[in-house]
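> Data file start25.pdb (PDB, C-alpha atoms, pLDDT in the B column) is appended below.
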```pdb
MODEL        1
ATOM      1  CA  MET X   1       0.000   0.000   0.000  1.00 46.00           C
ATOM      2  CA  ALA X   2       1.770   3.056  -1.245  1.00 49.00           C
ATOM      3  CA  ASN X   3       1.599   6.085   1.032  1.00 52.00           C
ATOM      4  CA  GLY X   4      -0.557   4.082   3.443  1.00 58.00           C
ATOM      5  CA  LYS X   5      -3.341   3.974   0.870  1.00 63.00           C
ATOM      6  CA  PRO X   6      -4.443   0.998  -1.213  1.00 66.00           C
ATOM      7  CA  PRO X   7      -3.853   1.321  -4.950  1.00 68.00           C
ATOM      8  CA  LEU X   8      -6.658   2.644  -7.116  1.00 73.00           C
ATOM      9  CA  PRO X   9      -8.742  -0.140  -8.641  1.00 78.00           C
ATOM     10  CA  PRO X  10      -7.932  -0.781 -12.322  1.00 78.00           C
ATOM     11  CA  GLN X  11     -11.381   0.470 -13.349  1.00 82.00           C
ATOM     12  CA  ALA X  12     -10.770   3.802 -11.605  1.00 83.00           C
ATOM     13  CA  VAL X  13      -7.379   4.203 -13.274  1.00 81.00           C
ATOM     14  CA  ALA X  14      -8.893   3.327 -16.659  1.00 83.00           C
ATOM     15  CA  GLY X  15     -11.613   5.943 -16.172  1.00 86.00           C
ATOM     16  CA  LEU X  16      -9.200   8.590 -14.956  1.00 85.00           C
ATOM     17  CA  CYS X  17      -6.939   7.982 -17.959  1.00 86.00           C
ATOM     18  CA  ARG X  18      -9.899   7.759 -20.342  1.00 87.00           C
ATOM     19  CA  LEU X  19      -8.786   4.400 -21.708  1.00 85.00           C
ATOM     20  CA  VAL X  20     -10.829   3.107 -24.606  1.00 82.00           C
ATOM     21  CA  GLU X  21     -11.328  -0.562 -25.482  1.00 82.00           C
ATOM     22  CA  ASP X  22      -9.731  -0.273 -28.924  1.00 84.00           C
ATOM     23  CA  GLY X  23      -6.811   1.932 -27.761  1.00 83.00           C
ATOM     24  CA  PRO X  24      -3.121   1.019 -28.177  1.00 83.00           C
ATOM     25  CA  LYS X  25      -1.841  -2.052 -26.308  1.00 84.00           C
ATOM     26  CA  ASP X  26       1.578  -3.599 -25.767  1.00 85.00           C
ATOM     27  CA  GLU X  27       2.594  -7.119 -26.813  1.00 85.00           C
ATOM     28  CA  ASN X  28       0.881  -8.533 -23.705  1.00 80.00           C
ATOM     29  CA  GLY X  29      -2.403  -6.773 -24.426  1.00 82.00           C
ATOM     30  CA  ILE X  30      -1.887  -4.197 -21.665  1.00 82.00           C
ATOM     31  CA  PRO X  31      -3.154  -0.702 -22.553  1.00 84.00           C
ATOM     32  CA  VAL X  32      -0.455   1.841 -23.351  1.00 87.00           C
ATOM     33  CA  LEU X  33      -1.091   5.381 -22.144  1.00 87.00           C
ATOM     34  CA  THR X  34      -0.384   8.388 -24.273  1.00 86.00           C
ATOM     35  CA  LEU X  35       1.182  11.510 -22.827  1.00 86.00           C
ATOM     36  CA  GLU X  36      -2.158  13.290 -23.302  1.00 87.00           C
ATOM     37  CA  GLN X  37      -3.944  10.621 -21.244  1.00 88.00           C
ATOM     38  CA  VAL X  38      -1.441  10.906 -18.400  1.00 84.00           C
ATOM     39  CA  LEU X  39      -1.613  14.707 -18.365  1.00 83.00           C
ATOM     40  CA  GLY X  40      -5.406  14.552 -18.559  1.00 85.00           C
ATOM     41  CA  ALA X  41      -5.513  12.220 -15.565  1.00 85.00           C
ATOM     42  CA  PHE X  42      -3.298  14.588 -13.562  1.00 79.00           C
ATOM     43  CA  CYS X  43      -5.516  17.524 -14.496  1.00 79.00           C
ATOM     44  CA  ALA X  44      -8.624  15.588 -13.465  1.00 80.00           C
ATOM     45  CA  MET X  45      -7.121  14.880 -10.042  1.00 76.00           C
ATOM     46  CA  ILE X  46      -6.567  18.502  -9.019  1.00 77.00           C
ATOM     47  CA  PRO X  47      -9.082  21.353  -9.100  1.00 78.00           C
ATOM     48  CA  SER X  48      -8.152  24.163 -11.484  1.00 77.00           C
ATOM     49  CA  THR X  49      -8.079  26.567  -8.520  1.00 84.00           C
ATOM     50  CA  ASP X  50      -5.053  24.794  -7.002  1.00 82.00           C
ATOM     51  CA  ASN X  51      -1.675  26.406  -7.573  1.00 83.00           C
ATOM     52  CA  LYS X  52       1.629  24.833  -8.644  1.00 83.00           C
ATOM     53  CA  GLU X  53       2.722  24.075  -5.068  1.00 88.00           C
ATOM     54  CA  ILE X  54      -0.502  22.249  -4.271  1.00 83.00           C
ATOM     55  CA  PHE X  55      -0.206  20.249  -7.520  1.00 80.00           C
ATOM     56  CA  GLU X  56       3.386  19.373  -6.565  1.00 83.00           C
ATOM     57  CA  GLU X  57       2.271  18.269  -3.095  1.00 83.00           C
ATOM     58  CA  LYS X  58      -0.841  16.330  -4.132  1.00 77.00           C
ATOM     59  CA  VAL X  59       0.329  14.720  -7.372  1.00 77.00           C
ATOM     60  CA  ILE X  60       3.954  15.099  -8.417  1.00 82.00           C
ATOM     61  CA  SER X  61       5.433  14.122  -5.045  1.00 85.00           C
ATOM     62  CA  ASN X  62       3.306  10.946  -5.090  1.00 81.00           C
ATOM     63  CA  VAL X  63       4.387  10.167  -8.639  1.00 82.00           C
ATOM     64  CA  ARG X  64       8.038  10.560  -7.641  1.00 88.00           C
ATOM     65  CA  GLU X  65       7.546   8.264  -4.637  1.00 88.00           C
ATOM     66  CA  SER X  66       5.746   5.705  -6.799  1.00 85.00           C
ATOM     67  CA  VAL X  67       8.540   5.733  -9.371  1.00 89.00           C
ATOM     68  CA  LYS X  68      11.127   5.194  -6.603  1.00 92.00           C
ATOM     69  CA  ARG X  69       9.063   2.344  -5.176  1.00 90.00           C
ATOM     70  CA  ILE X  70       8.597   0.681  -8.582  1.00 91.00           C
ATOM     71  CA  ARG X  71      12.312   0.943  -9.358  1.00 94.00           C
ATOM     72  CA  HIS X  72      13.027  -0.696  -6.009  1.00 94.00           C
ATOM     73  CA  GLN X  73      10.506  -3.461  -6.736  1.00 94.00           C
ATOM     74  CA  LYS X  74      12.033  -4.169 -10.147  1.00 94.00           C
ATOM     75  CA  LYS X  75      15.511  -4.320  -8.621  1.00 95.00           C
ATOM     76  CA  VAL X  76      14.690  -6.468  -5.577  1.00 96.00           C
ATOM     77  CA  PHE X  77      11.808  -8.737  -6.585  1.00 96.00           C
ATOM     78  CA  PRO X  78      13.704 -10.911  -9.101  1.00 97.00           C
ATOM     79  CA  GLU X  79      15.957 -12.074  -6.244  1.00 97.00           C
ATOM     80  CA  LEU X  80      12.929 -12.871  -4.099  1.00 97.00           C
ATOM     81  CA  GLN X  81      10.693 -14.605  -6.619  1.00 97.00           C
ATOM     82  CA  GLY X  82      12.362 -18.017  -6.173  1.00 97.00           C
ATOM     83  CA  PRO X  83      12.354 -18.003  -2.353  1.00 98.00           C
ATOM     84  CA  LEU X  84       8.762 -16.670  -2.292  1.00 98.00           C
ATOM     85  CA  THR X  85       7.705 -19.453  -4.663  1.00 98.00           C
ATOM     86  CA  GLU X  86       9.408 -22.018  -2.410  1.00 98.00           C
ATOM     87  CA  LEU X  87       7.583 -20.617   0.627  1.00 98.00           C
ATOM     88  CA  HIS X  88       4.247 -20.728  -1.188  1.00 98.00           C
ATOM     89  CA  THR X  89       4.921 -24.327  -2.290  1.00 98.00           C
ATOM     90  CA  LYS X  90       5.963 -25.425   1.210  1.00 97.00           C
ATOM     91  CA  VAL X  91       2.787 -24.064   2.815  1.00 97.00           C
ATOM     92  CA  GLU X  92       0.684 -25.208  -0.177  1.00 97.00           C
ATOM     93  CA  GLY X  93      -0.743 -21.714  -0.600  1.00 97.00           C
ATOM     94  CA  ASP X  94      -2.373 -21.862   2.847  1.00 98.00           C
ATOM     95  CA  ALA X  95      -3.822 -18.405   3.476  1.00 98.00           C
ATOM     96  CA  ASN X  96      -3.301 -18.592   7.252  1.00 97.00           C
ATOM     97  CA  LYS X  97       0.370 -19.510   6.906  1.00 97.00           C
ATOM     98  CA  LEU X  98       1.070 -16.894   4.231  1.00 98.00           C
ATOM     99  CA  HIS X  99      -0.658 -14.264   6.367  1.00 97.00           C
ATOM    100  CA  ALA X 100       1.460 -15.294   9.388  1.00 96.00           C
ATOM    101  CA  TRP X 101       4.587 -14.863   7.234  1.00 97.00           C
ATOM    102  CA  PHE X 102       3.387 -11.440   6.070  1.00 97.00           C
ATOM    103  CA  MET X 103       2.673 -10.330   9.641  1.00 95.00           C
ATOM    104  CA  ASP X 104       6.267 -11.155  10.590  1.00 94.00           C
ATOM    105  CA  LEU X 105       7.416  -8.627   7.975  1.00 93.00           C
ATOM    106  CA  LEU X 106       5.435  -5.804   9.564  1.00 92.00           C
ATOM    107  CA  PRO X 107       6.634  -3.641  12.444  1.00 89.00           C
ATOM    108  CA  GLU X 108       5.919  -4.925  15.940  1.00 88.00           C
ATOM    109  CA  GLY X 109       2.308  -4.268  16.915  1.00 86.00           C
ATOM    110  CA  ALA X 110       1.130  -3.491  13.378  1.00 88.00           C
ATOM    111  CA  GLY X 111      -2.339  -4.796  12.723  1.00 86.00           C
ATOM    112  CA  PHE X 112      -3.246  -6.196   9.332  1.00 92.00           C
ATOM    113  CA  PRO X 113      -6.149  -8.668   9.450  1.00 95.00           C
ATOM    114  CA  LYS X 114      -6.012 -11.774   7.287  1.00 96.00           C
ATOM    115  CA  GLU X 115      -9.066 -10.639   5.328  1.00 95.00           C
ATOM    116  CA  GLN X 116      -7.338  -7.365   4.457  1.00 95.00           C
ATOM    117  CA  PHE X 117      -4.166  -9.256   3.450  1.00 95.00           C
ATOM    118  CA  MET X 118      -6.183 -11.457   1.122  1.00 96.00           C
ATOM    119  CA  ILE X 119      -8.250  -8.668  -0.438  1.00 94.00           C
ATOM    120  CA  VAL X 120      -5.765  -5.768  -0.600  1.00 92.00           C
ATOM    121  CA  ILE X 121      -2.452  -7.572  -1.035  1.00 94.00           C
ATOM    122  CA  CYS X 122      -3.328 -10.852  -2.787  1.00 95.00           C
ATOM    123  CA  ARG X 123      -6.587  -9.792  -4.465  1.00 94.00           C
ATOM    124  CA  THR X 124      -8.164 -13.052  -3.356  1.00 96.00           C
ATOM    125  CA  PRO X 125     -11.638 -13.462  -1.834  1.00 96.00           C
ATOM    126  CA  PRO X 126     -11.294 -13.670   1.959  1.00 95.00           C
ATOM    127  CA  THR X 127     -13.450 -16.794   2.026  1.00 95.00           C
ATOM    128  CA  GLU X 128     -10.753 -18.804   0.214  1.00 97.00           C
ATOM    129  CA  SER X 129      -8.456 -21.020   2.278  1.00 97.00           C
ATOM    130  CA  LYS X 130      -5.663 -20.958  -0.303  1.00 98.00           C
ATOM    131  CA  ILE X 131      -3.955 -18.168  -2.252  1.00 98.00           C
ATOM    132  CA  ALA X 132      -2.864 -18.862  -5.815  1.00 97.00           C
ATOM    133  CA  LEU X 133       0.876 -18.550  -6.423  1.00 98.00           C
ATOM    134  CA  GLU X 134       0.470 -15.809  -9.048  1.00 97.00           C
ATOM    135  CA  ALA X 135      -1.796 -13.779  -6.744  1.00 97.00           C
ATOM    136  CA  PHE X 136       0.685 -14.119  -3.878  1.00 98.00           C
ATOM    137  CA  LEU X 137       3.735 -13.162  -5.950  1.00 97.00           C
ATOM    138  CA  SER X 138       1.963 -10.286  -7.681  1.00 95.00           C
ATOM    139  CA  GLY X 139       0.596  -8.966  -4.395  1.00 95.00           C
ATOM    140  CA  ILE X 140       3.959  -9.010  -2.665  1.00 96.00           C
ATOM    141  CA  GLU X 141       5.741  -7.391  -5.610  1.00 95.00           C
ATOM    142  CA  THR X 142       3.107  -4.691  -6.076  1.00 91.00           C
ATOM    143  CA  ASN X 143       3.068  -3.740  -2.405  1.00 92.00           C
ATOM    144  CA  MET X 144       6.810  -3.693  -1.713  1.00 92.00           C
ATOM    145  CA  ASP X 145       8.405  -0.464  -0.605  1.00 89.00           C
ATOM    146  CA  GLU X 146      11.985   0.590  -0.015  1.00 91.00           C
ATOM    147  CA  SER X 147      12.020  -0.886   3.496  1.00 91.00           C
ATOM    148  CA  ASP X 148      11.536  -4.332   1.953  1.00 94.00           C
ATOM    149  CA  THR X 149      15.041  -5.624   1.376  1.00 95.00           C
ATOM    150  CA  VAL X 150      16.188  -9.003   0.087  1.00 96.00           C
ATOM    151  CA  GLU X 151      17.813  -9.687   3.464  1.00 96.00           C
ATOM    152  CA  LYS X 152      14.707  -8.808   5.468  1.00 95.00           C
ATOM    153  CA  ILE X 153      12.302 -10.824   3.327  1.00 96.00           C
ATOM    154  CA  ASN X 154      14.641 -13.813   2.895  1.00 96.00           C
ATOM    155  CA  GLY X 155      15.198 -13.894   6.662  1.00 96.00           C
ATOM    156  CA  CYS X 156      11.471 -14.048   7.246  1.00 96.00           C
ATOM    157  CA  ILE X 157      11.057 -16.714   4.548  1.00 97.00           C
ATOM    158  CA  LYS X 158      13.772 -18.865   6.180  1.00 96.00           C
ATOM    159  CA  LYS X 159      12.011 -18.557   9.534  1.00 95.00           C
ATOM    160  CA  HIS X 160       8.770 -19.852   8.020  1.00 96.00           C
ATOM    161  CA  MET X 161      10.474 -22.589   6.004  1.00 92.00           C
ATOM    162  CA  ALA X 162      11.967 -24.155   9.158  1.00 86.00           C
TER
ENDMDL
END
```
Could you quickly redo this structure as C-alpha cells?

Amino acid sequence: MANGKPPLPPQAVAGLCRLVEDGPKDENGIPVLTLEQVLGAFCAMIPSTDNKEIFEEKVISNVRESVKRIRHQKKVFPELQGPLTELHTKVEGDANKLHAWFMDLLPEGAGFPKEQFMIVICRTPPTESKIALEAFLSGIETNMDESDTVEKINGCIKKHMA
C-alpha cells in the first residue's frame, strides 16, 4: 500500500486515464497510455483553482515516490521470486500460513487482518483457504516499498520454512 493507501482499482485508473477498449496495447495486451492521457488524468485529479505548489504536493510528489518504489521493486523482486515461490509451495498456498509470514514482515504491533491481506495484497476473496501462487507473488511485488530488502524478506522466509 503506497503512502498508506491501497492502490486505485484498475477500473478507476482506466476511467481517470480515459482508456478506450480499442486503444493502443503492448505485446501482452496491456493498454499503453499516451502523454495526453497521463496529463489529462493529472488535471482531473486537481481542481483548477489549485496552484503549482498544491499540484506538486498532491500529485507530483506521489508520482516521484511511486517511481522510486517501482524501481526498487524491479531491482529487488527478481531475487525474491524463487524463495517466495518455495515458501508458497511449502505451505501449499495456505492463506493462514502466508498471512502469518506477512505479519512477521510488519513492524511490531502493526495490525493487518487476514481478510485485508487477502483482499488488498493478494486480491483473493477472503473466504478462500488458499492463495494462488500468481496472486501471492503479484501482491507481494506490487506492495513492496523501499524498506523491503532481500535480506529482510529472505530472513522471514527462512524462519517460516523451518
> Atom CA of Met144 of chain X and atom CA of Ser66 of chain X are how many Å apart?
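Pair atom CA of Met144 of chain X / atom CA of Ser66 of chain X returns 10.7 Å.
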> Could you state which residues are captured by the PyMOL selection byres ((chain X and resi 76-85) around 12) in this file, as a ChimeraX atom specification?
/X:69-75,86-93,98,101-102,131-161
> Step by step, gather every atom of segment 8-25 of chain X that the file lists, find the box along x, y and z that holds them, add 4 Å on each side, and finally give centre and edge lengths in Å to one decimal, as JSON.

```
{"center_x": -6.7, "center_y": 3.3, "center_z": -18.0, "size_x": 17.8, "size_y": 18.6, "size_z": 29.8}
```
> On this file, the PyMOL selection byres ((chain X and resi 19) around 12) gives some set of residues; write that set as a PDB file with C-alpha atoms, keeping the file's coordinate frame.

```
ATOM      1  CA  PRO X  10      -7.932  -0.781 -12.322  1.00 78.00           C
ATOM      2  CA  GLN X  11     -11.381   0.470 -13.349  1.00 82.00           C
ATOM      3  CA  ALA X  12     -10.770   3.802 -11.605  1.00 83.00           C
ATOM      4  CA  VAL X  13      -7.379   4.203 -13.274  1.00 81.00           C
ATOM      5  CA  ALA X  14      -8.893   3.327 -16.659  1.00 83.00           C
ATOM      6  CA  GLY X  15     -11.613   5.943 -16.172  1.00 86.00           C
ATOM      7  CA  LEU X  16      -9.200   8.590 -14.956  1.00 85.00           C
ATOM      8  CA  CYS X  17      -6.939   7.982 -17.959  1.00 86.00           C
ATOM      9  CA  ARG X  18      -9.899   7.759 -20.342  1.00 87.00           C
ATOM     10  CA  VAL X  20     -10.829   3.107 -24.606  1.00 82.00           C
ATOM     11  CA  GLU X  21     -11.328  -0.562 -25.482  1.00 82.00           C
ATOM     12  CA  ASP X  22      -9.731  -0.273 -28.924  1.00 84.00           C
ATOM     13  CA  GLY X  23      -6.811   1.932 -27.761  1.00 83.00           C
ATOM     14  CA  PRO X  24      -3.121   1.019 -28.177  1.00 83.00           C
ATOM     15  CA  LYS X  25      -1.841  -2.052 -26.308  1.00 84.00           C
ATOM     16  CA  ILE X  30      -1.887  -4.197 -21.665  1.00 82.00           C
ATOM     17  CA  PRO X  31      -3.154  -0.702 -22.553  1.00 84.00           C
ATOM     18  CA  VAL X  32      -0.455   1.841 -23.351  1.00 87.00           C
ATOM     19  CA  LEU X  33      -1.091   5.381 -22.144  1.00 87.00           C
ATOM     20  CA  THR X  34      -0.384   8.388 -24.273  1.00 86.00           C
ATOM     21  CA  GLU X  36      -2.158  13.290 -23.302  1.00 87.00           C
ATOM     22  CA  GLN X  37      -3.944  10.621 -21.244  1.00 88.00           C
ATOM     23  CA  VAL X  38      -1.441  10.906 -18.400  1.00 84.00           C
ATOM     24  CA  GLY X  40      -5.406  14.552 -18.559  1.00 85.00           C
ATOM     25  CA  ALA X  41      -5.513  12.220 -15.565  1.00 85.00           C
TER      26      ALA X  41
END
```
> Near segment 45-49 of chain X, within 9 Å and counting all atoms listed in the file, which residues show up once chain neighbours fewer than 6 positions away are dropped, as a ChimeraX atom specification?
/X:16,55,58-59
> Could you check how far atom CA of Met103 of chain X sits from atom CA of Ile119 of chain X, in Å to one decimal?
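Here the two named atoms are 15.0 Å from each other.
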> Between atom CA of Glu56 of chain X and atom CA of Lys68 of chain X, what is the distance, to one decimal in Å?
16.2 Å
> Using all atoms listed in the file, which residue out of X:Glu128, X:Asn28, X:His99, X:Arg123 lies closest to Gly111 of chain X?
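The answer is X:His99, which sits nearest to Gly111 of chain X.
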